[in-house]
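S.K.: The following file, protein-v5.tsv, comprises TSV, C-alpha atoms:
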chain	number	residue	atom	x	y	z
A	1391	MET	CA	13.77	8.98	-21.41
A	1392	GLU	CA	15.71	12.21	-20.91
A	1393	THR	CA	18.59	12.46	-18.50
A	1394	GLY	CA	18.30	14.75	-15.49
A	1395	VAL	CA	21.26	16.78	-14.26
A	1396	LEU	CA	21.67	16.66	-10.50
A	1397	LYS	CA	24.19	18.72	-8.55
A	1398	VAL	CA	25.28	17.09	-5.30
A	1399	GLN	CA	27.53	17.95	-2.39
A	1400	PRO	CA	29.83	15.32	-0.90
A	1401	ARG	CA	28.85	14.24	2.64
A	1402	LYS	CA	31.81	13.31	4.80
A	1403	VAL	CA	30.08	12.49	8.10
A	1404	GLY	CA	27.70	9.54	8.06
A	1405	GLY	CA	25.11	8.32	10.56
A	1406	SER	CA	21.47	9.01	11.28
A	1407	LYS	CA	22.13	12.22	13.29
A	1408	GLU	CA	24.01	13.79	10.41
A	1409	ALA	CA	21.35	12.57	7.97
A	1410	GLY	CA	18.72	14.28	10.16
A	1411	ARG	CA	20.71	17.54	10.05
A	1412	VAL	CA	20.91	17.31	6.25
A	1413	ARG	CA	17.14	16.85	6.00
A	1414	ARG	CA	16.43	19.81	8.29
A	1415	LYS	CA	18.58	22.01	6.02
A	1416	GLY	CA	16.45	21.06	3.00
A	1417	GLY	CA	18.65	18.31	1.61
A	1418	ILE	CA	18.24	14.59	1.08
A	1419	PRO	CA	21.00	12.17	2.08
A	1420	ALA	CA	21.93	9.94	-0.82
A	1421	VAL	CA	24.46	7.29	-1.71
A	1422	LEU	CA	26.22	6.66	-5.02
A	1423	TYR	CA	27.64	3.19	-5.59
A	1424	GLY	CA	28.55	0.61	-8.23
A	1425	GLY	CA	30.70	0.79	-11.31
A	1426	GLY	CA	33.71	-0.68	-9.52
A	1427	LYS	CA	34.33	2.59	-7.70
A	1428	GLU	CA	34.15	3.54	-4.03
A	1429	VAL	CA	30.83	4.33	-2.37
A	1430	ALA	CA	30.20	8.07	-2.22
A	1431	HIS	CA	27.86	9.63	0.35
A	1432	VAL	CA	26.29	12.78	-1.03
A	1433	THR	CA	23.59	15.35	-0.33
A	1434	VAL	CA	20.95	16.20	-2.93
A	1435	GLY	CA	18.78	19.32	-2.89
A	1436	ALA	CA	15.22	18.25	-1.96
A	1437	GLU	CA	13.46	20.76	-4.22
A	1438	GLU	CA	15.73	20.07	-7.17
A	1439	PHE	CA	15.22	16.31	-6.84
A	1440	ASP	CA	11.46	16.66	-6.39
A	1441	ILE	CA	11.19	18.53	-9.72
A	1442	LEU	CA	13.15	15.84	-11.54
A	1443	LEU	CA	11.14	13.06	-9.88
A	1444	ARG	CA	7.88	14.65	-11.03
A	1445	LYS	CA	9.26	14.59	-14.57
A	1446	HIS	CA	9.76	10.80	-14.12
A	1447	ARG	CA	13.53	11.03	-14.59
A	1448	ARG	CA	15.35	7.83	-13.65
A	1449	VAL	CA	18.77	8.38	-15.20
A	1450	PHE	CA	20.84	11.26	-13.85
A	1451	ARG	CA	24.13	12.95	-14.58
A	1452	ILE	CA	25.63	13.42	-11.13
A	1453	GLU	CA	27.86	16.48	-10.80
A	1454	GLY	CA	29.77	17.68	-7.77
A	1455	SER	CA	31.07	14.43	-6.32
A	1456	GLY	CA	34.33	13.89	-8.18
A	1457	PRO	CA	34.15	13.51	-11.95
A	1458	ALA	CA	30.63	13.66	-13.38
A	1459	SER	CA	29.08	10.21	-13.67
A	1460	MET	CA	25.88	8.73	-14.98
A	1461	ALA	CA	23.66	7.14	-12.36
A	1462	PHE	CA	20.41	5.22	-12.29
A	1463	LEU	CA	17.82	5.92	-9.61
A	1464	LYS	CA	17.96	2.58	-7.81
A	1465	ASN	CA	15.75	3.28	-4.81
A	1466	VAL	CA	13.86	6.14	-3.20
A	1467	GLN	CA	12.89	5.80	0.46
A	1468	HIS	CA	9.80	7.70	1.49
A	1469	ASP	CA	8.69	8.55	5.01
A	1470	ALA	CA	5.87	6.62	6.67
A	1471	LEU	CA	3.11	8.75	5.16
A	1472	GLY	CA	4.77	8.58	1.75
A	1473	ASP	CA	5.13	12.36	1.43
A	1474	GLY	CA	8.78	13.23	1.85
A	1475	VAL	CA	11.86	11.55	0.45
A	1476	VAL	CA	14.12	10.25	3.23
A	1477	HIS	CA	17.01	8.72	1.29
A	1478	ILE	CA	18.05	8.02	-2.31
A	1479	ASP	CA	20.22	5.26	-3.79
A	1480	PHE	CA	22.01	5.96	-7.07
A	1481	LEU	CA	23.71	3.20	-9.07
A	1482	ARG	CA	26.62	4.22	-11.31
A	1483	ILE	CA	25.99	3.01	-14.85
A	1484	ASP	CA	27.75	2.80	-18.16
A	1485	GLU	CA	25.78	4.56	-20.89
A	1486	THR	CA	26.95	2.10	-23.50
A	1487	LYS	CA	25.97	-1.05	-21.61
A	1488	LYS	CA	22.47	-2.50	-21.57
A	1489	MET	CA	20.78	-2.84	-18.21
A	1490	ARG	CA	17.71	-4.53	-16.78
A	1491	VAL	CA	15.09	-2.22	-15.37
A	1492	ASN	CA	11.45	-2.32	-14.30
A	1493	VAL	CA	9.14	-0.10	-16.32
A	1494	PRO	CA	5.58	0.71	-15.20
A	1495	LEU	CA	2.67	-0.50	-17.32
A	1496	GLU	CA	-0.04	1.92	-18.38
A	1497	PHE	CA	-3.37	0.26	-19.16
A	1498	LYS	CA	-5.47	2.15	-21.68
A	1499	GLY	CA	-9.02	1.52	-22.78
A	1500	HIS	CA	-12.15	-0.18	-21.51
A	1501	PRO	CA	-12.08	-4.00	-21.72
A	1502	LYS	CA	-14.99	-5.50	-23.66
A	1503	GLY	CA	-15.50	-8.21	-21.05
A	1504	LEU	CA	-16.45	-5.74	-18.31
A	1505	GLY	CA	-19.89	-5.36	-19.84
A	1506	ALA	CA	-20.45	-9.11	-19.51
A	1507	GLY	CA	-19.86	-9.17	-15.76
A	1508	GLY	CA	-16.10	-9.43	-15.94
A	1509	GLU	CA	-13.46	-7.93	-13.70
A	1510	PHE	CA	-10.20	-6.47	-15.01
A	1511	VAL	CA	-7.20	-7.71	-13.04
A	1512	HIS	CA	-3.55	-6.96	-13.74
A	1513	PRO	CA	-1.15	-9.09	-11.71
A	1514	MET	CA	1.75	-7.10	-13.16
A	1515	ASN	CA	2.19	-3.39	-12.55
A	1516	GLU	CA	5.69	-3.25	-13.92
A	1517	VAL	CA	7.56	-5.24	-16.55
A	1518	GLU	CA	11.28	-5.96	-16.61
A	1519	VAL	CA	13.02	-4.88	-19.81
A	1520	GLU	CA	16.60	-4.79	-21.05
A	1521	CYS	CA	17.84	-1.68	-22.83
A	1522	LEU	CA	20.43	1.08	-22.86
A	1523	PRO	CA	20.08	3.58	-19.98
A	1524	THR	CA	19.22	6.33	-22.45
A	1525	GLN	CA	16.42	4.27	-23.99
A	1526	ILE	CA	14.50	3.42	-20.83
A	1527	PRO	CA	10.82	4.08	-21.62
A	1528	GLU	CA	8.83	6.16	-19.15
A	1529	SER	CA	6.01	3.60	-19.29
A	1530	ILE	CA	4.70	0.88	-21.57
A	1531	ARG	CA	1.19	1.33	-22.87
A	1532	VAL	CA	-1.09	-1.67	-22.97
A	1533	ASN	CA	-4.30	-1.37	-24.95
A	1534	VAL	CA	-6.96	-3.48	-23.23
A	1535	ASP	CA	-9.97	-2.52	-25.37
A	1536	HIS	CA	-10.15	-5.92	-27.11
A	1537	LEU	CA	-10.03	-7.98	-23.88
A	1538	ASP	CA	-13.14	-10.12	-23.60
A	1539	LEU	CA	-14.17	-12.35	-20.71
A	1540	HIS	CA	-11.51	-14.98	-19.80
A	1541	MET	CA	-9.00	-13.37	-22.17
A	1542	SER	CA	-5.57	-12.26	-21.06
A	1543	ILE	CA	-2.47	-10.48	-22.34
A	1544	THR	CA	0.93	-12.07	-21.76
A	1545	ALA	CA	4.27	-10.31	-21.51
A	1546	LYS	CA	5.38	-11.42	-24.98
A	1547	GLU	CA	2.35	-9.67	-26.52
A	1548	LEU	CA	3.45	-6.27	-25.22
A	1549	THR	CA	4.48	-3.68	-27.79
A	1550	LEU	CA	7.92	-2.47	-26.76
A	1551	PRO	CA	9.72	0.57	-28.21
A	1552	ALA	CA	12.70	0.08	-30.50
A	1553	GLY	CA	15.88	-0.98	-28.70
A	1554	VAL	CA	13.97	-2.36	-25.73
A	1555	ALA	CA	13.81	-6.13	-25.15
A	1556	LEU	CA	11.61	-8.04	-22.75
A	1557	ALA	CA	13.40	-9.50	-19.70
A	1558	SER	CA	10.36	-10.76	-17.78
A	1559	PRO	CA	9.19	-14.34	-18.41
A	1560	PRO	CA	7.39	-14.11	-21.79
A	1561	ASP	CA	4.42	-16.24	-20.71
A	1562	SER	CA	3.66	-14.30	-17.52
A	1563	ILE	CA	0.17	-12.83	-17.51
A	1564	VAL	CA	0.10	-9.04	-17.62
A	1565	CYS	CA	-3.65	-8.54	-17.34
A	1566	THR	CA	-6.81	-10.55	-17.64
A	1567	VAL	CA	-10.58	-10.23	-17.45
A	1568	HIS	CA	-12.18	-12.92	-15.32
A	1569	GLN	CA	-15.72	-13.55	-14.18
A	1570	LYS	CA	-16.62	-11.37	-11.21
A	1571	GLY	CA	-17.82	-13.02	-8.05
A	1572	LEU	CA	-15.76	-16.19	-8.33
A	1573	GLU	CA	-13.68	-15.15	-5.35
A	1574	PRO	CA	-15.37	-15.63	-1.98
A	1575	GLU	CA	-16.68	-12.54	-0.27
A	1576	PRO	CA	-14.63	-11.36	2.73
A	1577	ALA	CA	-15.34	-13.41	5.84
A	1578	ALA	CA	-18.49	-11.66	6.91
A	1579	ALA	CA	-20.23	-12.97	9.94
A	1580	GLY	CA	-22.47	-11.63	12.64
A	1581	ALA	CA	-26.08	-10.55	12.56
A	1582	GLU	CA	-27.02	-7.00	11.64
A	1583	GLY	CA	-28.15	-6.03	15.11
A	1584	GLY	CA	-25.60	-7.32	17.59
A	1585	PRO	CA	-22.27	-9.05	17.30
A	1586	GLN	CA	-22.16	-12.79	17.03
A	1587	GLU	CA	-19.55	-14.40	19.25
A	1588	PRO	CA	-16.52	-15.82	17.46
A	1589	GLU	CA	-15.33	-19.29	18.37
A	1590	MET	CA	-12.83	-19.44	21.25
A	1591	ILE	CA	-9.54	-21.12	20.39
A	1592	ALA	CA	-8.91	-22.69	23.80
A	1593	LYS	CA	-11.86	-22.41	26.11
A	1594	ARG	CA	-11.14	-23.59	29.60
A	1595	PRO	CA	-13.38	-26.38	30.91
A	1596	ALA	CA	-16.30	-25.11	32.98
A	1597	ALA	CA	-15.29	-27.21	36.01
A	1598	GLU	CA	-11.86	-25.55	36.09
A	1599	GLU	CA	-13.37	-22.04	35.94
A	1600	GLU	CA	-15.80	-22.83	38.77
A	1601	GLY	CA	-12.94	-24.20	40.85
A	1602	GLU	CA	-10.98	-20.97	40.42
A	1603	GLU	CA	-13.95	-18.79	41.33
A	1604	ALA	CA	-14.53	-20.81	44.50
A	1605	GLY	CA	-10.85	-20.39	45.36
A	1606	ASP	CA	-11.12	-16.61	44.94
A	1607	LYS	CA	-14.12	-16.41	47.26
A	1608	GLU	CA	-12.29	-18.37	49.93
A	1609	LYS	CA	-9.38	-15.92	49.75
A	1610	LYS	CA	-11.75	-12.97	50.23
B	641	MET	CA	-22.94	-8.06	7.86
B	642	ALA	CA	-20.04	-6.63	9.82
B	643	LEU	CA	-16.60	-8.15	9.66
B	644	MET	CA	-15.30	-10.06	12.70
B	645	PRO	CA	-12.76	-12.81	13.37
B	646	LYS	CA	-13.82	-16.45	13.09
B	647	ARG	CA	-11.83	-17.68	16.07
B	648	VAL	CA	-10.23	-15.73	18.90
B	649	LYS	CA	-8.07	-16.59	21.87
B	650	PHE	CA	-9.61	-14.05	24.26
B	651	ARG	CA	-13.14	-12.61	24.28
B	652	LYS	CA	-12.18	-9.18	25.61
B	653	SER	CA	-9.12	-6.99	25.19
B	654	GLN	CA	-7.66	-3.97	26.92
B	655	ARG	CA	-8.07	-0.62	25.20
B	656	GLY	CA	-4.41	-0.04	24.32
B	657	LYS	CA	-2.80	3.10	22.97
B	658	ILE	CA	-2.18	4.02	19.36
B	659	ARG	CA	1.28	5.49	19.03
B	660	GLY	CA	3.24	6.65	16.00
B	661	VAL	CA	2.56	6.25	12.32
B	662	ALA	CA	2.05	3.11	10.26
B	663	SER	CA	5.31	1.62	9.06
B	664	ARG	CA	3.59	-1.43	7.57
B	665	GLY	CA	0.54	-1.60	5.35
B	666	ASN	CA	1.14	2.00	4.32
B	667	ARG	CA	1.69	1.60	0.57
B	668	VAL	CA	-0.57	0.85	-2.39
B	669	SER	CA	0.35	-2.82	-2.85
B	670	PHE	CA	-2.46	-4.51	-4.79
B	671	GLY	CA	-4.49	-1.99	-6.77
B	672	ASP	CA	-3.66	1.23	-8.57
B	673	PHE	CA	-5.13	3.72	-6.11
B	674	GLY	CA	-5.62	3.69	-2.35
B	675	LEU	CA	-7.42	5.40	0.49
B	676	GLN	CA	-4.93	6.24	3.23
B	677	SER	CA	-5.79	7.14	6.79
B	678	LEU	CA	-4.47	10.45	8.13
B	679	GLU	CA	-5.64	9.91	11.70
B	680	MET	CA	-5.36	7.25	14.35
B	681	GLY	CA	-8.39	5.54	15.78
B	682	TRP	CA	-10.64	2.52	15.68
B	683	LEU	CA	-12.56	1.54	12.56
B	684	SER	CA	-15.50	-0.72	13.32
B	685	GLY	CA	-16.33	-3.74	11.22
B	686	ARG	CA	-19.58	-2.07	10.27
B	687	GLU	CA	-17.78	1.04	8.96
B	688	ILE	CA	-15.35	-1.08	6.94
B	689	GLU	CA	-18.22	-3.00	5.38
B	690	ALA	CA	-20.14	0.22	4.65
B	691	GLY	CA	-17.06	1.55	2.87
B	692	ARG	CA	-16.72	-1.62	0.81
B	693	ILE	CA	-20.35	-1.43	-0.30
B	694	ALA	CA	-19.99	2.27	-1.17
B	695	ALA	CA	-16.89	1.52	-3.29
B	696	ALA	CA	-18.54	-1.43	-5.02
B	697	ARG	CA	-21.60	0.66	-5.89
B	698	ALA	CA	-19.63	3.67	-7.09
B	699	ALA	CA	-17.21	1.61	-9.20
B	700	GLY	CA	-18.99	-1.62	-10.05
B	701	GLU	CA	-16.38	-2.85	-12.52
B	702	ALA	CA	-13.48	-2.21	-10.17
B	703	LYS	CA	-11.67	-4.67	-7.97
B	704	VAL	CA	-11.63	-3.47	-4.38
B	705	TRP	CA	-9.20	-4.62	-1.71
B	706	ILE	CA	-9.85	-4.10	2.01
B	707	ARG	CA	-6.47	-3.70	3.69
B	708	VAL	CA	-7.64	-3.65	7.32
B	709	PHE	CA	-9.50	-6.16	9.46
B	710	PRO	CA	-11.30	-5.65	12.79
B	711	HIS	CA	-9.31	-7.90	15.13
B	712	LYS	CA	-9.99	-6.00	18.36
B	713	PRO	CA	-13.10	-6.65	20.47
B	714	ILE	CA	-14.51	-3.44	21.94
B	715	SER	CA	-16.61	-3.96	25.06
B	716	LYS	CA	-19.24	-1.64	26.50
B	717	LYS	CA	-21.20	-1.49	29.73
B	718	PRO	CA	-24.99	-1.42	29.40
B	719	LEU	CA	-26.78	1.92	29.81
B	720	GLU	CA	-27.67	3.14	33.33
B	721	THR	CA	-25.34	0.63	34.94
B	722	ARG	CA	-23.31	1.50	38.01
B	723	MET	CA	-19.55	1.23	37.78
B	724	GLY	CA	-17.85	-1.97	38.81
B	725	HIS	CA	-19.12	-5.54	38.50
B	726	GLY	CA	-16.56	-6.39	35.87
B	727	LYS	CA	-15.84	-5.48	32.30
B	728	GLY	CA	-18.74	-5.01	29.90
B	729	GLU	CA	-19.64	-7.40	27.14
B	730	PRO	CA	-18.10	-7.10	23.62
B	731	GLU	CA	-20.16	-4.61	21.60
B	732	PHE	CA	-18.34	-4.55	18.26
B	733	TRP	CA	-15.05	-5.40	16.56
B	734	ALA	CA	-12.62	-2.73	15.44
B	735	ALA	CA	-9.45	-2.37	13.40
B	736	VAL	CA	-6.72	-0.33	15.08
B	737	ILE	CA	-5.65	2.33	12.58
B	738	LYS	CA	-2.49	4.41	12.67
B	739	PRO	CA	-1.90	7.48	10.44
B	740	GLY	CA	-0.64	6.26	7.07
B	741	THR	CA	-2.50	2.94	7.10
B	742	MET	CA	-3.86	1.98	3.67
B	743	LEU	CA	-7.55	1.24	4.28
B	744	TYR	CA	-8.81	0.31	0.82
B	745	GLU	CA	-7.31	-0.17	-2.61
B	746	ILE	CA	-8.97	-0.12	-5.98
B	747	GLY	CA	-7.80	-1.36	-9.37
B	748	GLY	CA	-8.97	-1.78	-12.94
B	749	VAL	CA	-10.63	1.63	-13.24
B	750	PRO	CA	-9.44	5.08	-14.36
B	751	GLU	CA	-8.37	7.64	-11.78
B	752	ASP	CA	-11.54	9.76	-11.95
B	753	VAL	CA	-13.72	6.72	-11.19
B	754	ALA	CA	-11.43	5.71	-8.31
B	755	ARG	CA	-11.54	9.24	-6.89
B	756	THR	CA	-15.34	9.33	-6.98
B	757	ALA	CA	-15.56	5.91	-5.36
B	758	PHE	CA	-13.12	6.77	-2.57
B	759	ASN	CA	-14.87	10.08	-1.96
B	760	ARG	CA	-18.05	8.10	-1.23
B	761	VAL	CA	-16.10	5.67	0.95
B	762	ALA	CA	-14.46	8.48	2.92
B	763	HIS	CA	-17.89	9.77	3.90
B	764	LYS	CA	-18.66	6.43	5.55
B	765	LEU	CA	-15.54	6.45	7.73
B	766	SER	CA	-14.90	8.14	11.05
B	767	LEU	CA	-11.27	8.97	10.18
B	768	LYS	CA	-9.72	11.60	7.93
B	769	THR	CA	-8.38	10.01	4.78
B	770	ARG	CA	-6.74	10.93	1.50
B	771	PHE	CA	-6.53	9.53	-2.01
B	772	VAL	CA	-3.14	8.13	-3.02
B	773	LYS	CA	-1.66	6.56	-6.14
B	774	ARG	CA	0.75	3.69	-6.60
B	775	VAL	CA	4.42	4.67	-6.46
B	776	LEU	CA	6.89	3.06	-8.88
B	777	GLY	CA	8.78	0.23	-7.24
B	778	ALA	CA	6.39	-0.12	-4.28
B	779	HIS	CA	5.53	-3.67	-3.25
For this file, produce the structure as structure tokens.

M.R.:
Amino acid sequence: METGVLKVQPRKVGGSKEAGRVRRKGGIPAVLYGGGKEVAHVTVGAEEFDILLRKHRRVFRIEGSGPASMAFLKNVQHDALGDGVVHIDFLRIDETKKMRVNVPLEFKGHPKGLGAGGEFVHPMNEVEVECLPTQIPESIRVNVDHLDLHMSITAKELTLPAGVALASPPDSIVCTVHQKGLEPEPAAAGAEGGPQEPEMIAKRPAAEEEGEEAGDKEKK
Amino acid sequence: MALMPKRVKFRKSQRGKIRGVASRGNRVSFGDFGLQSLEMGWLSGREIEAGRIAAARAAGEAKVWIRVFPHKPISKKPLETRMGHGKGEPEFWAAVIKPGTMLYEIGGVPEDVARTAFNRVAHKLSLKTRFVKRVLGAH
């Protein structure tokens, strides 16, 4: 994976109001931490970061906040609709040290078992690997063409690029093809025409209800 | 067969107001692609079920997740009835939807199949929706 160069401005005032001002000016508030150094609050250009994010960059060379440092994209907070980036966390890293990172899995092919009434399920969307920051793969391809009914692929069967080691439990199931229809259908009830009444959790006894109604009438 | 709860504490509920955007249930968590609501409103159990059937027919090999459930009883007065005389009887059950709520998710199929399936689903729903993909690191 290539390294992205990101120019940042130091942010001296913290707090949500200041963060709001930064966002209105077209920036994204971010924080740079780790590496045994002090936490640095910075501002990143929204457009610049968006371009790098689209290129799937996860390791950045941060310039502008003290001496240039390498950082890993630890977390990106999106707004409620998932459109805009609200905040970014960068973790300072050492280029020469191996690190553990989650890499997305890319499933390719059409499993054989689908033709026999199977359903392709992948409990894992990402796999944890250990490698140098410069060797982080963009994604790991998993060929699922050969998967027949009741067959599965485990983490140890994944083909990893050179210099990348598996950190997830080796026996964890990455994907499988199981018989469709074994899971119960969603709790569907009620006739087609009108709604059927659901069961009441704590229905009051009829005598009590009648007593209350009589009391109300007396008041009137 | 429309969705509805099995057991409830109260037969009828007040209308309520739908404020803000969804801060929970707004990410693709189970499948690879999702159908996200862009409007607020009620989604009846019948609509949700119609959407599920449409998705299952359009992408038969896919696994479909329904992320919403109609918990809210919606009552209605009979036609040509004068006002008063108490609240009407429950007519249907609805899910309260805020903008950003993930309505359905689909997995195990390529993007073009998922898009076609969700296009069919969107036509069954009374809310504006959009197609979204899983974001790295989302849970």

S.K.: Please measure the separation of CA of Lys1415 in chain A and CA of Gly1454 in chain A, giving the value in Å to one decimal.

M.R.: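 A separation of 18.3 Å between them.
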
S.K.: Please determine an axis-aligned box that encloses all atoms of range 1467-1479 of chain A listed in the file, with 4 Å added on each side, and express its centre and edge lengths in Å to one decimal as AutoDock Vina command-line options.

M.R.:
--center_x 11.7 --center_y 9.2 --center_z 1.4 --size_x 25.1 --size_y 16.0 --size_z 18.5

S.K.: Please identify all polymer residues within 6 Å of Asn1492 in chain A, counting all atoms listed in the file, omitting same-chain residues fewer than 5 positions from it, and present them as a count of residues only.

M.R.: 3

S.K.: I need the residue nearest Ile1441 in chain A from this list: A:Leu1396, A:Val1567, A:Met1541, A:Cys1521. Use only C-alpha atoms for the distance.

M.R.: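 Once distances to Ile1441 in chain A are computed over only C-alpha atoms, the minimum belongs to A:Leu1396.
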
S.K.: Within 12 Å of Arg1444 in chain A, counting all atoms listed in the file, which residues qualify if same-chain residues fewer than 4 places away don't, as a ChimeraX atom specification?

M.R.: /A:1394,1437-1440,1448,1528 /B:775-776

S.K.: Which is closest to chain A among B:Lys738, B:Lys712, B:Lys703, B:Arg655, if we use only C-alpha atoms?

M.R.: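 Closest candidate: B:Lys703.
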
S.K.: Could you check how far CA of Glu1520 in chain A sits from CA of Pro1501 in chain A, in Å to one decimal?

M.R.: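 Distance reported for this atom pair: 28.7 Å.
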
S.K.: Would you work out the distance separating CA of Ala698 in chain B from CA of Phe732 in chain B, expressed in Å to one decimal?

M.R.: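 One can read the CA of Ala698 in chain B to CA of Phe732 in chain B distance as 26.7 Å.
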
S.K.: Counting only C-alpha atoms, what is within 7 Å of range 758-773 of chain B, bar same-chain residues fewer than 3 positions away, as a list of chain:residue names?

M.R.: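 So the residues in contact are B:Val668, B:Asp672, B:Phe673, B:Gly674, B:Leu675, B:Gln676, B:Ser677, B:Leu678, B:Glu679, B:Glu687, B:Ala690, B:Gly691, B:Ala694, B:Ala695, B:Ala754, B:Arg755.
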